[in-house]
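Okay, structure-v7.csv is below, CSV, C-alpha atoms:
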```
chain,number,residue,atom,x,y,z
A,1,MET,CA,14.6,36.6,-19.4
A,2,ARG,CA,14.0,34.4,-16.4
A,3,ILE,CA,16.0,31.2,-16.0
A,4,ASP,CA,13.9,28.3,-14.8
A,5,ARG,CA,15.6,26.3,-12.0
A,6,CYS,CA,13.7,23.2,-13.0
A,7,ARG,CA,16.1,20.5,-14.0
A,8,VAL,CA,16.4,18.7,-17.3
A,9,PRO,CA,14.8,15.2,-16.7
A,10,ALA,CA,17.7,13.3,-18.3
A,11,VAL,CA,20.2,15.0,-16.1
A,12,GLY,CA,18.3,15.2,-12.9
A,13,TYR,CA,18.7,16.8,-9.5
A,14,SER,CA,20.4,14.7,-6.9
A,15,VAL,CA,19.0,14.7,-3.4
A,16,MET,CA,20.0,13.4,0.1
A,17,PRO,CA,16.9,12.8,2.3
A,18,SER,CA,17.0,12.1,6.0
A,19,GLY,CA,14.4,12.0,8.8
A,20,ARG,CA,12.0,9.9,10.8
A,21,LEU,CA,8.2,9.8,10.6
A,22,HIS,CA,5.7,8.2,12.9
A,23,LEU,CA,3.6,6.2,10.5
A,24,PRO,CA,1.9,3.3,12.2
A,25,GLU,CA,2.7,-0.1,10.7
A,26,SER,CA,-1.1,-0.7,10.7
A,27,GLU,CA,-1.4,2.1,8.2
A,28,ASP,CA,1.3,0.8,5.8
A,29,ALA,CA,-1.0,-0.9,3.3
A,30,ALA,CA,-3.3,2.2,3.0
A,31,ALA,CA,-0.2,4.5,2.6
A,32,VAL,CA,1.2,2.2,-0.1
A,33,ALA,CA,-2.2,2.3,-2.0
A,34,ALA,CA,-2.2,6.1,-1.8
A,35,VAL,CA,1.4,6.4,-2.9
A,36,GLN,CA,0.8,4.1,-5.9
A,37,ALA,CA,-2.2,6.1,-7.0
A,38,ALA,CA,-0.3,9.4,-6.6
A,39,LEU,CA,2.7,8.1,-8.6
A,40,ALA,CA,0.5,6.9,-11.4
A,41,GLU,CA,-1.1,10.3,-11.6
A,42,HIS,CA,2.2,12.0,-12.2
A,43,GLY,CA,3.5,9.9,-15.0
A,44,GLY,CA,7.2,9.3,-15.4
A,45,TRP,CA,9.3,6.2,-14.8
A,46,TYR,CA,7.2,4.5,-12.1
A,47,ARG,CA,5.3,1.4,-13.2
A,48,PRO,CA,2.8,-0.1,-10.7
A,49,GLY,CA,3.0,-3.5,-12.4
A,50,GLU,CA,6.7,-3.7,-11.4
A,51,PHE,CA,5.8,-3.4,-7.7
A,52,PRO,CA,5.1,-6.5,-5.6
A,53,SER,CA,1.4,-7.0,-4.8
A,54,ASP,CA,2.3,-7.4,-1.1
A,55,GLY,CA,4.8,-4.5,-1.1
A,56,THR,CA,5.3,-2.1,1.8
A,57,LEU,CA,6.5,1.5,2.1
A,58,VAL,CA,10.0,0.1,2.5
A,59,ASP,CA,9.6,-1.4,-1.0
A,60,LEU,CA,8.7,2.1,-2.3
A,61,ALA,CA,11.9,3.7,-1.3
A,62,ASP,CA,13.0,4.2,-4.9
A,63,PRO,CA,10.1,6.7,-5.7
A,64,ALA,CA,11.0,8.5,-2.4
A,65,ARG,CA,14.6,8.8,-3.6
A,66,ALA,CA,15.7,7.4,-0.3
A,67,THR,CA,16.4,4.4,1.7
A,68,ILE,CA,13.5,3.5,4.0
A,69,VAL,CA,13.7,1.4,7.1
A,70,ARG,CA,10.7,0.5,9.3
A,71,ASP,CA,11.3,0.5,13.0
A,72,GLY,CA,7.9,-0.5,14.6
A,73,ASP,CA,5.5,2.4,14.0
A,74,TRP,CA,8.3,4.6,12.6
A,75,ILE,CA,9.9,4.9,9.2
A,76,GLU,CA,13.4,6.3,8.8
A,77,PHE,CA,14.6,7.9,5.6
A,78,GLY,CA,18.3,8.0,4.5
A,79,TYR,CA,20.5,8.7,1.5
A,80,ASP,CA,20.3,6.2,-1.3
A,81,ASP,CA,23.9,5.9,-2.1
A,82,GLU,CA,23.4,2.8,-4.4
A,83,GLY,CA,20.5,4.2,-6.4
A,84,ASP,CA,20.1,7.3,-8.5
A,85,PRO,CA,18.4,9.7,-6.1
A,86,LYS,CA,17.1,12.3,-8.5
A,87,TRP,CA,14.1,14.5,-7.6
A,88,SER,CA,10.9,14.5,-9.7
A,89,ASN,CA,7.2,15.2,-9.5
A,90,GLN,CA,6.7,11.6,-8.6
A,91,THR,CA,9.1,12.1,-5.6
A,92,THR,CA,7.0,15.0,-4.4
A,93,ALA,CA,3.9,12.9,-4.9
A,94,PHE,CA,5.3,10.2,-2.6
A,95,TYR,CA,5.9,12.6,0.2
A,96,VAL,CA,2.5,14.3,-0.2
A,97,ALA,CA,0.6,11.0,-0.5
A,98,ILE,CA,1.9,9.6,2.8
A,99,ALA,CA,0.8,12.7,4.7
A,100,PRO,CA,-2.7,11.4,5.8
A,101,PHE,CA,-1.1,8.4,7.4
A,102,VAL,CA,1.8,10.2,9.3
A,103,ARG,CA,1.2,11.2,12.9
A,104,SER,CA,4.4,13.3,13.2
A,105,GLY,CA,7.9,13.8,12.1
A,106,THR,CA,10.1,15.6,9.6
A,107,VAL,CA,12.0,14.6,6.4
A,108,GLN,CA,14.9,16.9,5.4
A,109,ILE,CA,16.1,17.1,1.8
A,110,GLU,CA,19.4,18.4,0.7
A,111,GLY,CA,19.9,19.1,-3.0
A,112,GLU,CA,23.0,18.7,-5.0
A,113,ASP,CA,23.6,22.5,-5.0
A,114,GLY,CA,23.2,22.8,-1.2
A,115,ALA,CA,19.5,23.8,-1.3
A,116,ARG,CA,17.7,22.5,1.8
A,117,TRP,CA,14.0,22.1,2.5
A,118,SER,CA,11.9,19.8,4.6
A,119,TYR,CA,8.5,18.3,5.0
A,120,THR,CA,7.0,18.4,8.5
A,121,TYR,CA,4.1,16.1,9.2
A,122,ALA,CA,1.5,16.6,12.0
A,123,ASN,CA,-1.9,14.9,12.3
A,124,GLY,CA,-2.2,13.9,8.6
A,125,GLN,CA,-1.0,17.3,7.2
A,126,ILE,CA,2.3,18.2,5.4
A,127,THR,CA,4.0,21.5,5.5
A,128,GLN,CA,7.1,22.4,3.5
A,129,GLN,CA,9.8,24.6,5.1
A,130,GLY,CA,12.4,26.1,2.8
A,131,TRP,CA,12.9,26.5,-0.9
A,132,ASN,CA,12.9,23.3,-3.0
A,133,GLY,CA,16.0,23.4,-5.1
A,134,TRP,CA,14.6,21.3,-7.9
A,135,ASP,CA,11.5,23.2,-8.8
A,136,GLY,CA,11.9,26.5,-6.9
A,137,SER,CA,8.7,26.1,-4.9
A,138,ILE,CA,8.0,26.9,-1.2
A,139,GLU,CA,5.2,24.4,-1.0
A,140,PRO,CA,4.7,20.9,-2.5
A,141,PHE,CA,3.7,21.3,-6.2
A,142,GLY,CA,3.8,25.0,-5.8
A,143,GLU,CA,4.8,27.6,-8.3
A,144,TYR,CA,8.4,28.7,-8.9
A,145,VAL,CA,9.5,31.6,-6.7
A,146,ASP,CA,12.9,33.4,-6.8
A,147,HIS,CA,15.3,32.1,-4.2
A,148,PRO,CA,14.9,34.0,-1.0
```

Let me see the file written as structure tokens.
Amino acid sequence: MRIDRCRVPAVGYSVMPSGRLHLPESEDAAAVAAVQAALAEHGGWYRPGEFPSDGTLVDLADPARATIVRDGDWIEFGYDDEGDPKWSNQTTAFYVAIAPFVRSGTVQIEGEDGARWSYTYANGQITQQGWNGWDGSIEPFGEYVDHP
């Protein structure tokens, strides 16, 4: 019998993101629209009507399970020590949805059990390095694989 590493939604899987992405401020509105559409597709707790109509990616930090600070054409991710940073499919959707707008950079994720993975962005593409401790995948929305 295989034990699935996916977490029970009520309990969650805490994460600590960090990193910096080159996502031009001029692309922020388009990135927000893409993130909102992706979050809506994956169901869950996110409700688009609760988001300000003039919101920015900084305002979408909660679905990213991070703090986000904009510094010109860069966005910086940090650990959300005041929220409840639990990973979900909506969190994965956030990181995938911003990919077309990111020129370069990496976001590292550390899971509550020490698992580490990252998303590297280059020219509108996203690549995952490492094993996602929440769902056991080696690519965003990938299938479970045994821990290497």

Inset, instruction - Record the distance separating CA of Ile126 (chain A) and CA of Pro52 (chain A), expressed in Å with one decimal. - result: 27.2 Å

Inset, instruction - Rounded to one decimal place, report the CA of Gly72 (chain A)-CA of Ala31 (chain A) distance in Å. - result: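 CA of Gly72 (chain A) sits 15.3 Å away from CA of Ala31 (chain A).
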
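Within 7 Å of the file-frame point (15.6, 19.0, 7.6), and using all atoms listed in the file, the polymer residues found are Thr106, Val107, Gln108, Ile109, Trp117 and Ser118 of chain A.
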
Inset, instruction - Please provide the set of residues having any atom within 7 Å of Leu23 (chain A), restricted to all atoms listed in the file, with same-chain residues fewer than 4 positions apart removed, written as a PyMOL selection string. - result: chain A and resi 27+73-75+101-103

Legend entry - Residue nearest His147 (chain A) - candidates A:Leu21, A:Val35, A:Ala66, A:Ala115, atoms counted: all atoms listed in the file: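 Ranked by minimum distance to His147 (chain A), first place goes to A:Ala115.
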
Inset, instruction - For each of A:Trp87, A:Asn123, A:Trp45, A:Leu60, take the minimum atom-to-atom distance to Ala33 (chain A), counting all atoms listed in the file, then give the residue where this is smallest. - result: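 Nearest candidate to Ala33 (chain A) out of A:Trp87, A:Asn123, A:Trp45, A:Leu60: A:Leu60.
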
Legend entry - Nearest to Ala97 (chain A), chosen from A:Gly49, A:Gly55, A:Pro63, A:Gly78, with all atoms listed in the file counted in the distances: A:Pro63

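With CA of Arg47 (chain A) on one side and CA of Asp28 (chain A) on the other, the separation reads 19.4 Å.
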
Inset, instruction - Would you kindly return, as a ChimeraX atom specification, each protein, DNA or RNA residue with an atom no farther than 12 Å from any atom of Val32 (chain A), considering only C-alpha atoms and excluding same-chain residues fewer than 2 positions away? - result: /A:23,25-30,34-39,48,51-61,63-64,94-95,97-101

Legend entry - Contacts of Ala122 (chain A) at 6 Å (only C-alpha atoms; same-chain gap of 2+ positions) as a list in words: Arg103, Ser104, Gly124 and Gln125 of chain A

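Ranking A:Asp71, A:Lys86, A:Tyr119, A:Glu110 by their shortest atom-to-atom distance to Val11 (chain A), with only C-alpha atoms included, puts A:Lys86 first.
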
Inset, instruction - Name the closest residue to Gly105 (chain A) among the candidates A:Asp135, A:Glu41, A:Glu76, A:Glu143; distances are taken between atoms, counting all atoms listed in the file. - result: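 Comparing A:Asp135, A:Glu41, A:Glu76, A:Glu143 against Gly105 (chain A), the winner is A:Glu76.
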
Which residues are near Glu112 (chain A)? Cut-off 12 Å, all atoms listed in the file, ignore same chain within fewer than 2 positions. Put them as a PDB file with C-alpha atoms, keeping the file's coordinate frame.
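Dumped to part26.pdb:
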```
ATOM      1  CA  ARG A   7      16.100  20.500 -14.000  1.00  0.00           C
ATOM      2  CA  GLY A  12      18.300  15.200 -12.900  1.00  0.00           C
ATOM      3  CA  TYR A  13      18.700  16.800  -9.500  1.00  0.00           C
ATOM      4  CA  SER A  14      20.400  14.700  -6.900  1.00  0.00           C
ATOM      5  CA  VAL A  15      19.000  14.700  -3.400  1.00  0.00           C
ATOM      6  CA  MET A  16      20.000  13.400   0.100  1.00  0.00           C
ATOM      7  CA  PRO A  17      16.900  12.800   2.300  1.00  0.00           C
ATOM      8  CA  PRO A  85      18.400   9.700  -6.100  1.00  0.00           C
ATOM      9  CA  LYS A  86      17.100  12.300  -8.500  1.00  0.00           C
ATOM     10  CA  TRP A  87      14.100  14.500  -7.600  1.00  0.00           C
ATOM     11  CA  ILE A 109      16.100  17.100   1.800  1.00  0.00           C
ATOM     12  CA  GLU A 110      19.400  18.400   0.700  1.00  0.00           C
ATOM     13  CA  GLY A 114      23.200  22.800  -1.200  1.00  0.00           C
ATOM     14  CA  ALA A 115      19.500  23.800  -1.300  1.00  0.00           C
ATOM     15  CA  ARG A 116      17.700  22.500   1.800  1.00  0.00           C
ATOM     16  CA  ASN A 132      12.900  23.300  -3.000  1.00  0.00           C
ATOM     17  CA  GLY A 133      16.000  23.400  -5.100  1.00  0.00           C
ATOM     18  CA  TRP A 134      14.600  21.300  -7.900  1.00  0.00           C
TER      19      TRP A 134
END
```

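Among A:Thr67, A:Thr92, A:Thr120, A:Gln129, the residue with the shortest atom-to-atom distance to Asp80 (chain A), counting all atoms listed in the file, is A:Thr67.
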